[in-house]
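Structure file coords_25.cif (mmCIF, C-alpha atoms and all ligand atoms) follows.
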```cif
data_query
loop_
_atom_site.group_PDB
_atom_site.id
_atom_site.type_symbol
_atom_site.label_atom_id
_atom_site.label_comp_id
_atom_site.auth_asym_id
_atom_site.auth_seq_id
_atom_site.Cartn_x
_atom_site.Cartn_y
_atom_site.Cartn_z
ATOM 1 C CA LEU A 294 -104.551 -27.692 -89.436
ATOM 2 C CA GLY A 295 -103.018 -26.813 -86.093
ATOM 3 C CA GLU A 296 -99.430 -27.831 -85.484
ATOM 4 C CA GLN A 297 -100.455 -30.537 -83.066
ATOM 5 C CA GLU A 298 -102.908 -32.055 -85.545
ATOM 6 C CA GLU A 299 -100.227 -31.922 -88.242
ATOM 7 C CA LEU A 300 -97.762 -33.727 -86.019
ATOM 8 C CA HIS A 301 -100.382 -36.322 -85.188
ATOM 9 C CA GLN A 302 -100.886 -36.897 -88.927
ATOM 10 C CA ALA A 303 -97.140 -37.139 -89.424
ATOM 11 C CA ILE A 304 -96.955 -39.974 -86.898
ATOM 12 C CA THR A 305 -99.981 -41.923 -88.134
ATOM 13 C CA GLY A 306 -99.273 -41.161 -91.790
ATOM 14 C CA ASP A 307 -95.982 -41.799 -93.342
ATOM 15 C CA GLN A 308 -94.132 -38.527 -92.968
ATOM 16 C CA LEU A 309 -91.545 -39.514 -90.372
ATOM 17 C CA PHE A 310 -88.300 -41.209 -91.224
ATOM 18 C CA LEU A 311 -85.031 -41.974 -89.510
ATOM 19 C CA GLU A 312 -81.502 -40.914 -90.271
ATOM 20 C CA TYR A 313 -78.536 -42.741 -88.807
ATOM 21 C CA GLN A 314 -75.188 -41.526 -87.512
ATOM 22 C CA PRO A 315 -72.381 -44.064 -87.013
ATOM 23 C CA GLN A 316 -70.453 -44.508 -83.774
ATOM 24 C CA VAL A 317 -66.894 -45.738 -84.206
ATOM 25 C CA ASP A 318 -64.280 -47.512 -82.132
ATOM 26 C CA VAL A 319 -61.564 -44.905 -81.546
ATOM 27 C CA ALA A 320 -58.739 -47.480 -81.644
ATOM 28 C CA THR A 321 -59.764 -49.297 -84.838
ATOM 29 C CA GLY A 322 -62.060 -46.867 -86.667
ATOM 30 C CA ARG A 323 -64.691 -49.577 -87.098
ATOM 31 C CA ILE A 324 -68.389 -48.780 -86.777
ATOM 32 C CA THR A 325 -69.673 -50.383 -83.581
ATOM 33 C CA GLY A 326 -73.016 -48.660 -83.286
ATOM 34 C CA ILE A 327 -75.386 -46.264 -84.965
ATOM 35 C CA GLU A 328 -77.756 -43.617 -83.541
ATOM 36 C CA ALA A 329 -81.252 -43.265 -85.002
ATOM 37 C CA LEU A 330 -82.452 -39.649 -85.323
ATOM 38 C CA VAL A 331 -86.014 -38.844 -86.300
ATOM 39 C CA ARG A 332 -86.891 -36.491 -89.175
ATOM 40 C CA TRP A 333 -90.202 -35.100 -90.401
ATOM 41 C CA ASN A 334 -90.900 -34.679 -94.073
ATOM 42 C CA HIS A 335 -93.828 -32.213 -93.966
ATOM 43 C CA PRO A 336 -96.101 -32.389 -97.069
ATOM 44 C CA ALA A 337 -95.981 -28.599 -97.599
ATOM 45 C CA LYS A 338 -93.009 -27.306 -95.611
ATOM 46 C CA GLY A 339 -90.580 -30.099 -96.498
ATOM 47 C CA ARG A 340 -87.997 -31.140 -93.934
ATOM 48 C CA VAL A 341 -88.777 -29.934 -90.426
ATOM 49 C CA PRO A 342 -85.781 -30.241 -88.053
ATOM 50 C CA PRO A 343 -86.365 -32.123 -84.785
ATOM 51 C CA VAL A 344 -85.733 -29.018 -82.661
ATOM 52 C CA ASN A 345 -88.916 -27.651 -84.273
ATOM 53 C CA PHE A 346 -91.165 -30.593 -83.389
ATOM 54 C CA ILE A 347 -89.663 -32.671 -80.547
ATOM 55 C CA PRO A 348 -90.526 -29.963 -77.961
ATOM 56 C CA LEU A 349 -94.140 -29.838 -79.248
ATOM 57 C CA ALA A 350 -94.282 -33.636 -79.186
ATOM 58 C CA GLU A 351 -93.072 -33.578 -75.575
ATOM 59 C CA GLU A 352 -95.576 -30.906 -74.474
ATOM 60 C CA THR A 353 -98.547 -32.617 -76.093
ATOM 61 C CA GLY A 354 -97.662 -36.208 -75.174
ATOM 62 C CA LEU A 355 -97.375 -37.091 -78.869
ATOM 63 C CA ILE A 356 -93.788 -38.072 -78.073
ATOM 64 C CA VAL A 357 -95.173 -41.380 -76.756
ATOM 65 C CA PRO A 358 -96.596 -42.626 -80.094
ATOM 66 C CA LEU A 359 -93.764 -40.875 -81.964
ATOM 67 C CA GLY A 360 -91.156 -42.570 -79.789
ATOM 68 C CA LEU A 361 -92.853 -45.919 -80.240
ATOM 69 C CA TRP A 362 -92.677 -45.481 -84.006
ATOM 70 C CA VAL A 363 -88.964 -44.591 -83.772
ATOM 71 C CA LEU A 364 -88.244 -47.599 -81.550
ATOM 72 C CA ASN A 365 -89.979 -50.033 -83.903
ATOM 73 C CA GLU A 366 -88.502 -48.542 -87.042
ATOM 74 C CA ALA A 367 -84.978 -48.622 -85.566
ATOM 75 C CA CYS A 368 -85.391 -52.274 -84.506
ATOM 76 C CA ARG A 369 -86.794 -53.134 -87.946
ATOM 77 C CA GLN A 370 -83.768 -51.522 -89.626
ATOM 78 C CA ALA A 371 -81.319 -53.255 -87.279
ATOM 79 C CA ARG A 372 -82.920 -56.609 -88.127
ATOM 80 C CA ALA A 373 -82.763 -55.792 -91.860
ATOM 81 C CA TRP A 374 -79.031 -55.011 -91.567
ATOM 82 C CA GLN A 375 -78.406 -58.279 -89.733
ATOM 83 C CA ASP A 376 -80.398 -60.162 -92.393
ATOM 84 C CA MET A 377 -78.147 -58.599 -95.042
ATOM 85 C CA GLY A 378 -75.216 -60.292 -93.339
ATOM 86 C CA LEU A 379 -73.634 -57.092 -92.043
ATOM 87 C CA ALA A 380 -71.692 -57.298 -88.798
ATOM 88 C CA PRO A 381 -74.172 -56.775 -85.951
ATOM 89 C CA LEU A 382 -74.014 -53.372 -84.331
ATOM 90 C CA THR A 383 -75.718 -51.524 -81.515
ATOM 91 C CA ILE A 384 -78.660 -49.372 -82.505
ATOM 92 C CA ALA A 385 -79.167 -46.337 -80.257
ATOM 93 C CA VAL A 386 -82.536 -44.656 -79.806
ATOM 94 C CA ASN A 387 -83.253 -41.401 -77.945
ATOM 95 C CA VAL A 388 -85.913 -41.588 -75.261
ATOM 96 C CA SER A 389 -87.625 -38.554 -73.747
ATOM 97 C CA ALA A 390 -89.021 -38.015 -70.243
ATOM 98 C CA LYS A 391 -92.679 -38.751 -70.993
ATOM 99 C CA GLN A 392 -91.788 -42.035 -72.660
ATOM 100 C CA PHE A 393 -89.625 -43.041 -69.731
ATOM 101 C CA ALA A 394 -92.439 -42.176 -67.326
ATOM 102 C CA ASP A 395 -94.930 -44.326 -69.233
ATOM 103 C CA PRO A 396 -95.440 -47.508 -67.154
ATOM 104 C CA ASP A 397 -95.863 -49.468 -70.401
ATOM 105 C CA PHE A 398 -92.530 -48.356 -71.835
ATOM 106 C CA ALA A 399 -90.545 -51.477 -70.883
ATOM 107 C CA SER A 400 -93.196 -53.763 -72.376
ATOM 108 C CA HIS A 401 -93.203 -51.666 -75.559
ATOM 109 C CA VAL A 402 -89.447 -52.188 -75.766
ATOM 110 C CA ALA A 403 -89.827 -55.929 -75.180
ATOM 111 C CA GLU A 404 -92.521 -56.098 -77.888
ATOM 112 C CA ALA A 405 -90.394 -54.213 -80.419
ATOM 113 C CA LEU A 406 -87.430 -56.542 -79.795
ATOM 114 C CA GLU A 407 -89.620 -59.604 -80.132
ATOM 115 C CA ARG A 408 -91.465 -58.374 -83.227
ATOM 116 C CA HIS A 409 -88.170 -57.765 -85.023
ATOM 117 C CA ARG A 410 -86.327 -60.728 -83.481
ATOM 118 C CA LEU A 411 -83.571 -58.459 -82.237
ATOM 119 C CA GLN A 412 -81.422 -59.577 -79.314
ATOM 120 C CA SER A 413 -81.778 -57.040 -76.533
ATOM 121 C CA HIS A 414 -78.087 -56.275 -76.174
ATOM 122 C CA TRP A 415 -78.085 -54.691 -79.642
ATOM 123 C CA LEU A 416 -80.490 -51.991 -78.466
ATOM 124 C CA GLU A 417 -79.240 -48.962 -76.560
ATOM 125 C CA LEU A 418 -81.559 -46.350 -75.080
ATOM 126 C CA GLU A 419 -80.171 -42.828 -74.708
ATOM 127 C CA VAL A 420 -81.594 -40.634 -71.983
ATOM 128 C CA THR A 421 -80.465 -37.274 -70.693
ATOM 129 C CA GLU A 422 -80.017 -36.622 -67.014
ATOM 130 C CA SER A 423 -83.222 -34.576 -66.868
ATOM 131 C CA VAL A 424 -85.181 -37.676 -67.934
ATOM 132 C CA VAL A 425 -84.115 -39.682 -64.866
ATOM 133 C CA MET A 426 -83.905 -36.846 -62.342
ATOM 134 C CA GLN A 427 -87.556 -35.789 -62.687
ATOM 135 C CA ASP A 428 -88.811 -38.721 -60.646
ATOM 136 C CA ALA A 429 -85.799 -40.687 -59.483
ATOM 137 C CA GLU A 430 -87.665 -43.537 -57.849
ATOM 138 C CA ARG A 431 -89.812 -44.225 -60.886
ATOM 139 C CA ALA A 432 -86.802 -43.892 -63.198
ATOM 140 C CA LEU A 433 -84.815 -46.393 -61.127
ATOM 141 C CA ALA A 434 -87.647 -48.907 -61.381
ATOM 142 C CA MET A 435 -87.898 -48.364 -65.149
ATOM 143 C CA MET A 436 -84.128 -48.772 -65.538
ATOM 144 C CA ALA A 437 -84.263 -52.020 -63.570
ATOM 145 C CA SER A 438 -86.985 -53.365 -65.898
ATOM 146 C CA LEU A 439 -85.038 -52.332 -68.984
ATOM 147 C CA ARG A 440 -81.790 -53.821 -67.691
ATOM 148 C CA ALA A 441 -83.630 -57.043 -66.875
ATOM 149 C CA LEU A 442 -84.589 -57.166 -70.555
ATOM 150 C CA GLY A 443 -80.906 -56.785 -71.421
ATOM 151 C CA VAL A 444 -81.009 -53.444 -73.237
ATOM 152 C CA ARG A 445 -78.169 -50.950 -72.725
ATOM 153 C CA LEU A 446 -78.688 -47.551 -71.164
ATOM 154 C CA SER A 447 -76.601 -44.499 -71.897
ATOM 155 C CA ILE A 448 -76.566 -41.039 -70.386
ATOM 156 C CA ASP A 449 -76.754 -38.593 -73.301
ATOM 157 C CA ASP A 450 -75.336 -35.057 -73.541
ATOM 158 C CA PHE A 451 -73.215 -35.629 -70.426
ATOM 159 C CA GLY A 452 -71.520 -32.392 -69.416
ATOM 160 C CA SER A 453 -74.057 -30.132 -71.120
ATOM 161 C CA GLY A 454 -75.882 -27.513 -69.098
ATOM 162 C CA TYR A 455 -78.495 -30.040 -68.158
ATOM 163 C CA SER A 456 -76.314 -32.609 -66.538
ATOM 164 C CA SER A 457 -74.192 -32.932 -63.447
ATOM 165 C CA LEU A 458 -72.591 -35.727 -61.533
ATOM 166 C CA ALA A 459 -75.615 -36.651 -59.429
ATOM 167 C CA ALA A 460 -77.213 -38.903 -62.038
ATOM 168 C CA LEU A 461 -74.083 -41.075 -62.276
ATOM 169 C CA LYS A 462 -74.161 -41.779 -58.563
ATOM 170 C CA THR A 463 -77.790 -42.849 -58.508
ATOM 171 C CA PHE A 464 -78.516 -44.551 -61.820
ATOM 172 C CA PRO A 465 -77.080 -47.730 -63.367
ATOM 173 C CA PHE A 466 -75.954 -46.542 -66.803
ATOM 174 C CA ASP A 467 -73.805 -48.674 -69.107
ATOM 175 C CA ARG A 468 -72.363 -45.847 -71.101
ATOM 176 C CA LEU A 469 -71.610 -42.153 -70.952
ATOM 177 C CA LYS A 470 -71.966 -39.944 -74.028
ATOM 178 C CA MET A 471 -69.781 -36.889 -73.542
ATOM 179 C CA ASP A 472 -71.543 -33.802 -74.876
ATOM 180 C CA ARG A 473 -70.094 -32.129 -77.927
ATOM 181 C CA SER A 474 -69.631 -28.863 -76.028
ATOM 182 C CA LEU A 475 -66.797 -30.643 -74.147
ATOM 183 C CA VAL A 476 -65.256 -31.920 -77.372
ATOM 184 C CA GLU A 477 -65.453 -28.736 -79.446
ATOM 185 C CA ALA A 478 -62.375 -26.967 -78.026
ATOM 186 C CA LEU A 479 -60.158 -30.089 -78.002
ATOM 187 C CA PRO A 480 -57.224 -30.389 -78.127
ATOM 188 C CA GLY A 481 -56.037 -26.743 -78.187
ATOM 189 C CA ASP A 482 -57.802 -25.484 -75.109
ATOM 190 C CA LYS A 483 -56.190 -26.517 -71.806
ATOM 191 C CA THR A 484 -59.387 -26.303 -69.801
ATOM 192 C CA ALA A 485 -61.251 -28.411 -72.355
ATOM 193 C CA VAL A 486 -58.457 -31.008 -72.209
ATOM 194 C CA ALA A 487 -58.632 -31.107 -68.397
ATOM 195 C CA ILE A 488 -62.406 -31.521 -68.363
ATOM 196 C CA ALA A 489 -62.566 -34.138 -71.126
ATOM 197 C CA SER A 490 -59.725 -36.128 -69.513
ATOM 198 C CA ALA A 491 -61.523 -36.036 -66.175
ATOM 199 C CA VAL A 492 -64.820 -37.187 -67.717
ATOM 200 C CA ILE A 493 -63.086 -40.082 -69.490
ATOM 201 C CA SER A 494 -61.336 -41.222 -66.273
ATOM 202 C CA LEU A 495 -64.555 -40.840 -64.327
ATOM 203 C CA ALA A 496 -66.340 -43.106 -66.792
ATOM 204 C CA GLN A 497 -63.548 -45.672 -66.553
ATOM 205 C CA THR A 498 -63.597 -45.624 -62.755
ATOM 206 C CA LEU A 499 -67.372 -46.110 -62.745
ATOM 207 C CA LYS A 500 -67.006 -48.924 -65.330
ATOM 208 C CA LEU A 501 -69.009 -47.087 -67.960
ATOM 209 C CA SER A 502 -67.968 -47.131 -71.563
ATOM 210 C CA VAL A 503 -67.417 -43.627 -72.911
ATOM 211 C CA LEU A 504 -68.234 -42.062 -76.273
ATOM 212 C CA ALA A 505 -67.292 -38.553 -77.416
ATOM 213 C CA GLU A 506 -69.992 -36.719 -79.381
ATOM 214 C CA GLY A 507 -69.480 -34.068 -82.038
ATOM 215 C CA VAL A 508 -66.028 -35.231 -83.119
ATOM 216 C CA GLU A 509 -65.075 -33.255 -86.227
ATOM 217 C CA THR A 510 -61.277 -33.303 -86.559
ATOM 218 C CA ASP A 511 -58.268 -35.632 -86.688
ATOM 219 C CA ALA A 512 -56.686 -33.661 -83.845
ATOM 220 C CA GLN A 513 -59.705 -34.411 -81.649
ATOM 221 C CA MET A 514 -59.394 -38.096 -82.567
ATOM 222 C CA ASP A 515 -55.682 -38.121 -81.675
ATOM 223 C CA PHE A 516 -56.494 -36.649 -78.291
ATOM 224 C CA LEU A 517 -59.320 -39.149 -77.667
ATOM 225 C CA ARG A 518 -57.094 -42.075 -78.605
ATOM 226 C CA GLN A 519 -54.386 -40.941 -76.177
ATOM 227 C CA ALA A 520 -56.976 -40.370 -73.461
ATOM 228 C CA HIS A 521 -58.378 -43.918 -73.994
ATOM 229 C CA CYS A 522 -61.843 -42.743 -74.940
ATOM 230 C CA GLU A 523 -63.450 -45.847 -76.439
ATOM 231 C CA GLU A 524 -65.843 -44.529 -79.042
ATOM 232 C CA ALA A 525 -66.600 -41.415 -81.047
ATOM 233 C CA GLN A 526 -69.445 -39.992 -83.101
ATOM 234 C CA GLY A 527 -69.524 -36.897 -85.268
ATOM 235 C CA TYR A 528 -69.039 -35.251 -88.641
ATOM 236 C CA ARG A 529 -65.432 -36.532 -88.730
ATOM 237 C CA PHE A 530 -66.956 -39.906 -89.666
ATOM 238 C CA SER A 531 -70.389 -39.041 -90.962
ATOM 239 C CA LYS A 532 -73.285 -36.692 -90.445
ATOM 240 C CA PRO A 533 -76.636 -38.401 -89.840
ATOM 241 C CA VAL A 534 -77.538 -40.063 -93.167
ATOM 242 C CA SER A 535 -80.418 -41.833 -94.884
ATOM 243 C CA PRO A 536 -80.929 -45.574 -94.308
ATOM 244 C CA GLU A 537 -79.570 -46.250 -97.813
ATOM 245 C CA ALA A 538 -76.416 -44.239 -97.190
ATOM 246 C CA ALA A 539 -75.988 -45.891 -93.779
ATOM 247 C CA THR A 540 -76.257 -49.310 -95.429
ATOM 248 C CA LEU A 541 -73.448 -48.334 -97.812
ATOM 249 C CA LEU A 542 -71.251 -47.202 -94.917
ATOM 250 C CA LEU A 543 -71.806 -50.546 -93.191
ATOM 251 C CA GLN A 544 -71.217 -52.570 -96.369
ATOM 252 C CA THR A 545 -67.995 -50.705 -97.083
ATOM 253 C CA GLN A 546 -66.426 -51.906 -93.852
ATOM 254 C CA SER A 547 -67.741 -55.485 -93.911
HETATM 255 O O1 LIG B 601 -79.637 -34.668 -85.504
HETATM 256 P P1 LIG B 601 -80.213 -33.615 -84.727
HETATM 257 O O2 LIG B 601 -80.571 -32.290 -85.301
HETATM 258 O O3 LIG B 601 -81.246 -34.349 -85.400
HETATM 259 O O4 LIG B 601 -81.046 -33.893 -83.381
HETATM 260 C C1 LIG B 601 -81.638 -32.844 -82.697
HETATM 261 C C2 LIG B 601 -82.175 -33.273 -81.344
HETATM 262 O O5 LIG B 601 -83.336 -34.089 -81.520
HETATM 263 C C3 LIG B 601 -81.187 -34.081 -80.510
HETATM 264 O O6 LIG B 601 -81.157 -33.503 -79.214
HETATM 265 C C4 LIG B 601 -81.777 -35.452 -80.462
HETATM 266 O O7 LIG B 601 -81.514 -36.068 -79.215
HETATM 267 C C5 LIG B 601 -83.269 -35.196 -80.664
HETATM 268 N N1 LIG B 601 -83.884 -36.365 -81.285
HETATM 269 C C6 LIG B 601 -83.624 -36.875 -82.512
HETATM 270 N N2 LIG B 601 -84.364 -37.989 -82.719
HETATM 271 C C7 LIG B 601 -85.092 -38.186 -81.593
HETATM 272 C C8 LIG B 601 -86.047 -39.193 -81.182
HETATM 273 O O8 LIG B 601 -86.333 -40.150 -81.891
HETATM 274 N N3 LIG B 601 -86.601 -39.050 -79.951
HETATM 275 C C9 LIG B 601 -86.278 -38.030 -79.119
HETATM 276 N N4 LIG B 601 -86.886 -37.970 -77.921
HETATM 277 N N5 LIG B 601 -85.380 -37.075 -79.464
HETATM 278 C C10 LIG B 601 -84.795 -37.153 -80.682
HETATM 279 O O1 LIG B 602 -78.749 -34.565 -78.497
HETATM 280 P P1 LIG B 602 -78.206 -35.686 -79.340
HETATM 281 O O2 LIG B 602 -76.768 -35.920 -79.025
HETATM 282 O O3 LIG B 602 -79.011 -36.938 -79.293
HETATM 283 O O4 LIG B 602 -78.292 -35.198 -80.876
HETATM 284 C C1 LIG B 602 -77.258 -35.229 -81.755
HETATM 285 C C2 LIG B 602 -77.213 -33.897 -82.474
HETATM 286 O O5 LIG B 602 -75.854 -33.522 -82.747
HETATM 287 C C3 LIG B 602 -77.899 -33.930 -83.817
HETATM 288 O O6 LIG B 602 -78.470 -32.687 -84.029
HETATM 289 C C4 LIG B 602 -76.731 -34.157 -84.772
HETATM 290 O O7 LIG B 602 -77.032 -33.759 -86.099
HETATM 291 C C5 LIG B 602 -75.679 -33.279 -84.129
HETATM 292 N N1 LIG B 602 -74.293 -33.658 -84.477
HETATM 293 C C6 LIG B 602 -73.819 -34.899 -84.664
HETATM 294 N N2 LIG B 602 -72.480 -34.883 -84.939
HETATM 295 C C7 LIG B 602 -72.104 -33.584 -84.917
HETATM 296 C C8 LIG B 602 -70.846 -32.931 -85.116
HETATM 297 O O8 LIG B 602 -69.810 -33.536 -85.364
HETATM 298 N N3 LIG B 602 -70.839 -31.584 -84.996
HETATM 299 C C9 LIG B 602 -71.969 -30.862 -84.718
HETATM 300 N N4 LIG B 602 -71.863 -29.536 -84.644
HETATM 301 N N5 LIG B 602 -73.172 -31.455 -84.512
HETATM 302 C C10 LIG B 602 -73.252 -32.803 -84.610
HETATM 303 MN MN MN B 603 -78.519 -38.878 -78.542
HETATM 304 NA NA NA B 604 -76.130 -35.954 -77.287
#
```

Starting from the file, lay out its structure as structure tokens.
Ligand code: G
Ligand code: G
Ligand code: MN
Ligand code: NA
Amino acid sequence: LGEQEELHQAITGDQLFLEYQPQVDVATGRITGIEALVRWNHPAKGRVPPVNFIPLAEETGLIVPLGLWVLNEACRQARAWQDMGLAPLTIAVNVSAKQFADPDFASHVAEALERHRLQSHWLELEVTESVVMQDAERALAMMASLRALGVRLSIDDFGSGYSSLAALKTFPFDRLKMDRSLVEALPGDKTAVAIASAVISLAQTLKLSVLAEGVETDAQMDFLRQAHCEEAQGYRFSKPVSPEAATLLLQTQS
């Protein structure tokens, strides 16, 4: 089978699954959200990392059915956690450019929320700047439809090579996810401290909530707390884990 055919089988068959990485409140340490990350369990090759199939999915358009599967599975899991009596939390799903450009995307989101009886404010969609900048007018219209539904929108990987300030000026995001490249050198590196501090203040001024990605150390957490960064995500708390392990993390803090 060609790679594309294999990926198609993965989506229609039952080879994809999600892992989850918690997002925590910097001040209290409580889990406030969780990001869903897709994985492929290939029948012969075993685990294929997303960097090895997301680009192919994007090139071939298979990202549309793949993304729809992710969206529904994440909403199903969020509903299952609520039914278990766990404190409700935001579920974050990554969305790529071709999905965002699909005129049916907002109705797919509405259908997933309805099917799983999930209130829209518990769903957050993460997009990178490149997703909205490709066709700004169309992206603005899509964001308006999604906001009308009540879902949250975050700008992902902010401060990475692919993002600048322009997207913040034009697009109505709710939240900024500061890229882990800006977090890595904290708090020892003076330039990193200056940039991270500026990004956090910028988010506050624009009334966006701000989350630091790739947080690995206590020293980074101390810095983020002092800088009034609201949330954090990274190996310091948990790597992305199976649904079962995520359930345990959530039960432990309930
Ligand atoms: O955990 P990690 O190696 O899984 O993620 C690698 C990359 O794959 C990240 O950039 C992440 O945004 C992307 N990714 C993970 N899951 C999804 C998904 O469901 N949809 C899209 N479009 N990208 C995803
Ligand atoms: O691009 P996006 O931010 O959606 O994808 C998250 C990626 O970052 C995943 O590959 C995930 O496994 C990885 N990741 C999450 N937390 C950490 C961390 O603390 N350190 C490092 N190095 N990578 C992380
Ligand atoms: Mn993300
Ligand atoms: Na990111």

- Message: I need the output of the PyMOL selection byres (((chain A and resi 339-354) around 9) and not hetatm) for this file as a list in words; which residues are they?
- Response: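 Listing what the PyMOL selection byres (((chain A and resi 339-354) around 9) and not hetatm) selects in the shown file: Glu296, Gln297, Leu300, His301, Leu330, Val331, Arg332, Trp333, Asn334, His335, Pro336, Ala337, Lys338, Leu355, Ile356, Val357, Pro358, Leu359, Ser389, Ala390, Lys391 and Gln392 of chain A.
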
- Message: Could you list the protein, DNA and RNA residues that have any atom within 10 Å of ligand MN 603 (chain B), counting all atoms listed in the file, and write them as an MDAnalysis selection string?
- Response: chainID A and resid 314 328:330 385:388 418:421 447:450 470 472 506

- Given the choices A:Gly507, A:Pro536, A:Gly360, A:Pro465, which gets closest to ligand NA 604 (chain B) if the distance is worked out from all atoms listed in the file? A:Gly507

- Gap from atom CA of Phe310 of chain A to atom CA of Arg473 of chain A - Å, one decimal: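 Spanning atom CA of Phe310 of chain A to atom CA of Arg473 of chain A is a straight-line distance of 24.3 Å.
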
At a cut-off of 12 Å from (-88.1, -34.2, -62.4) in the coordinates of the file, what residues are picked up using all atoms listed in the file, written as a PDB file with C-alpha atoms, in the frame of the given file?
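Resulting contents of selection29.pdb:
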```pdb
ATOM      1  CA  ALA A 390     -89.021 -38.015 -70.243  1.00  0.00           C
ATOM      2  CA  LYS A 391     -92.679 -38.751 -70.993  1.00  0.00           C
ATOM      3  CA  PHE A 393     -89.625 -43.041 -69.731  1.00  0.00           C
ATOM      4  CA  ALA A 394     -92.439 -42.176 -67.326  1.00  0.00           C
ATOM      5  CA  THR A 421     -80.465 -37.274 -70.693  1.00  0.00           C
ATOM      6  CA  GLU A 422     -80.017 -36.622 -67.014  1.00  0.00           C
ATOM      7  CA  SER A 423     -83.222 -34.576 -66.868  1.00  0.00           C
ATOM      8  CA  VAL A 424     -85.181 -37.676 -67.934  1.00  0.00           C
ATOM      9  CA  VAL A 425     -84.115 -39.682 -64.866  1.00  0.00           C
ATOM     10  CA  MET A 426     -83.905 -36.846 -62.342  1.00  0.00           C
ATOM     11  CA  GLN A 427     -87.556 -35.789 -62.687  1.00  0.00           C
ATOM     12  CA  ASP A 428     -88.811 -38.721 -60.646  1.00  0.00           C
ATOM     13  CA  ALA A 429     -85.799 -40.687 -59.483  1.00  0.00           C
ATOM     14  CA  GLU A 430     -87.665 -43.537 -57.849  1.00  0.00           C
ATOM     15  CA  ARG A 431     -89.812 -44.225 -60.886  1.00  0.00           C
ATOM     16  CA  ALA A 432     -86.802 -43.892 -63.198  1.00  0.00           C
ATOM     17  CA  TYR A 455     -78.495 -30.040 -68.158  1.00  0.00           C
ATOM     18  CA  ALA A 460     -77.213 -38.903 -62.038  1.00  0.00           C
TER      19      ALA A 460
END
```

- Find the distance between atom CA of Leu446 of chain A and atom CA of Thr383 of chain A and write it in Å to one decimal.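 These two atoms are separated by 11.5 Å.
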
- Message: For a quick check of understanding, using all atoms listed in the file, which of A:Arg408, A:Arg445, A:His401, A:Lys532 has the smallest distance to Ser502 of chain A?
- Response: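 Once distances to Ser502 of chain A are computed over all atoms listed in the file, the minimum belongs to A:Arg445.
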
- Which of these, A:Gly452, A:Thr463, A:Phe516, A:Thr510, has the shortest distance to Val492 of chain A once you count only C-alpha atoms?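 Checking each of A:Gly452, A:Thr463, A:Phe516, A:Thr510 against Val492 of chain A, counting only C-alpha atoms, the winner is A:Gly452.
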
- By how many Å are atom CA of Ala434 of chain A and atom CA of Pro396 of chain A apart? 9.8 Å

Put the listed atoms of ligand LIG 601 (chain B) in a box along x, y and z with 8 Å added on every side and give me the centre and edge lengths in Å to one decimal, as lines of an AutoDock Vina configuration file.
```
center_x = -83.3
center_y = -36.2
center_z = -81.7
size_x = 23.2
size_y = 23.9
size_z = 23.6
```

- Message: Could you check the closest approach to Asp482 of chain A for each of A:Gly527, A:His409, A:Leu442, A:Gln513 and tell me which residue wins, using all atoms listed in the file?
- Response: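 Nearest candidate to Asp482 of chain A out of A:Gly527, A:His409, A:Leu442, A:Gln513: A:Gln513.
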
- Measuring atom to atom with all atoms listed in the file, identify which of A:Leu458, A:Leu495, A:Leu475, A:Ala489 is nearest to ligand LIG 602 (chain B). A:Leu475

- Item | Best match for closeness to ligand LIG 601 (chain B) among A:Val534, A:Leu382, A:Cys522, A:Val476, counting all atoms listed in the file |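 Using all atoms listed in the file, ligand LIG 601 (chain B) sits closest to A:Val534.
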
With only C-alpha atoms as the counted atoms, please give the residues lying no more than 12 Å from Asp318 of chain A, apart from itself and same-chain residues fewer than 3 positions off, as a PDB file with C-alpha atoms, keeping the file's coordinate frame.
```pdb
ATOM      1  CA  PRO A 315     -72.381 -44.064 -87.013  1.00  0.00           C
ATOM      2  CA  THR A 321     -59.764 -49.297 -84.838  1.00  0.00           C
ATOM      3  CA  GLY A 322     -62.060 -46.867 -86.667  1.00  0.00           C
ATOM      4  CA  ARG A 323     -64.691 -49.577 -87.098  1.00  0.00           C
ATOM      5  CA  ILE A 324     -68.389 -48.780 -86.777  1.00  0.00           C
ATOM      6  CA  THR A 325     -69.673 -50.383 -83.581  1.00  0.00           C
ATOM      7  CA  GLY A 326     -73.016 -48.660 -83.286  1.00  0.00           C
ATOM      8  CA  ILE A 327     -75.386 -46.264 -84.965  1.00  0.00           C
ATOM      9  CA  LEU A 382     -74.014 -53.372 -84.331  1.00  0.00           C
ATOM     10  CA  SER A 502     -67.968 -47.131 -71.563  1.00  0.00           C
ATOM     11  CA  VAL A 503     -67.417 -43.627 -72.911  1.00  0.00           C
ATOM     12  CA  LEU A 504     -68.234 -42.062 -76.273  1.00  0.00           C
ATOM     13  CA  ALA A 505     -67.292 -38.553 -77.416  1.00  0.00           C
ATOM     14  CA  MET A 514     -59.394 -38.096 -82.567  1.00  0.00           C
ATOM     15  CA  LEU A 517     -59.320 -39.149 -77.667  1.00  0.00           C
ATOM     16  CA  ARG A 518     -57.094 -42.075 -78.605  1.00  0.00           C
ATOM     17  CA  HIS A 521     -58.378 -43.918 -73.994  1.00  0.00           C
ATOM     18  CA  CYS A 522     -61.843 -42.743 -74.940  1.00  0.00           C
ATOM     19  CA  GLU A 523     -63.450 -45.847 -76.439  1.00  0.00           C
ATOM     20  CA  GLU A 524     -65.843 -44.529 -79.042  1.00  0.00           C
ATOM     21  CA  ALA A 525     -66.600 -41.415 -81.047  1.00  0.00           C
ATOM     22  CA  GLN A 526     -69.445 -39.992 -83.101  1.00  0.00           C
ATOM     23  CA  PHE A 530     -66.956 -39.906 -89.666  1.00  0.00           C
TER      24      PHE A 530
END
```
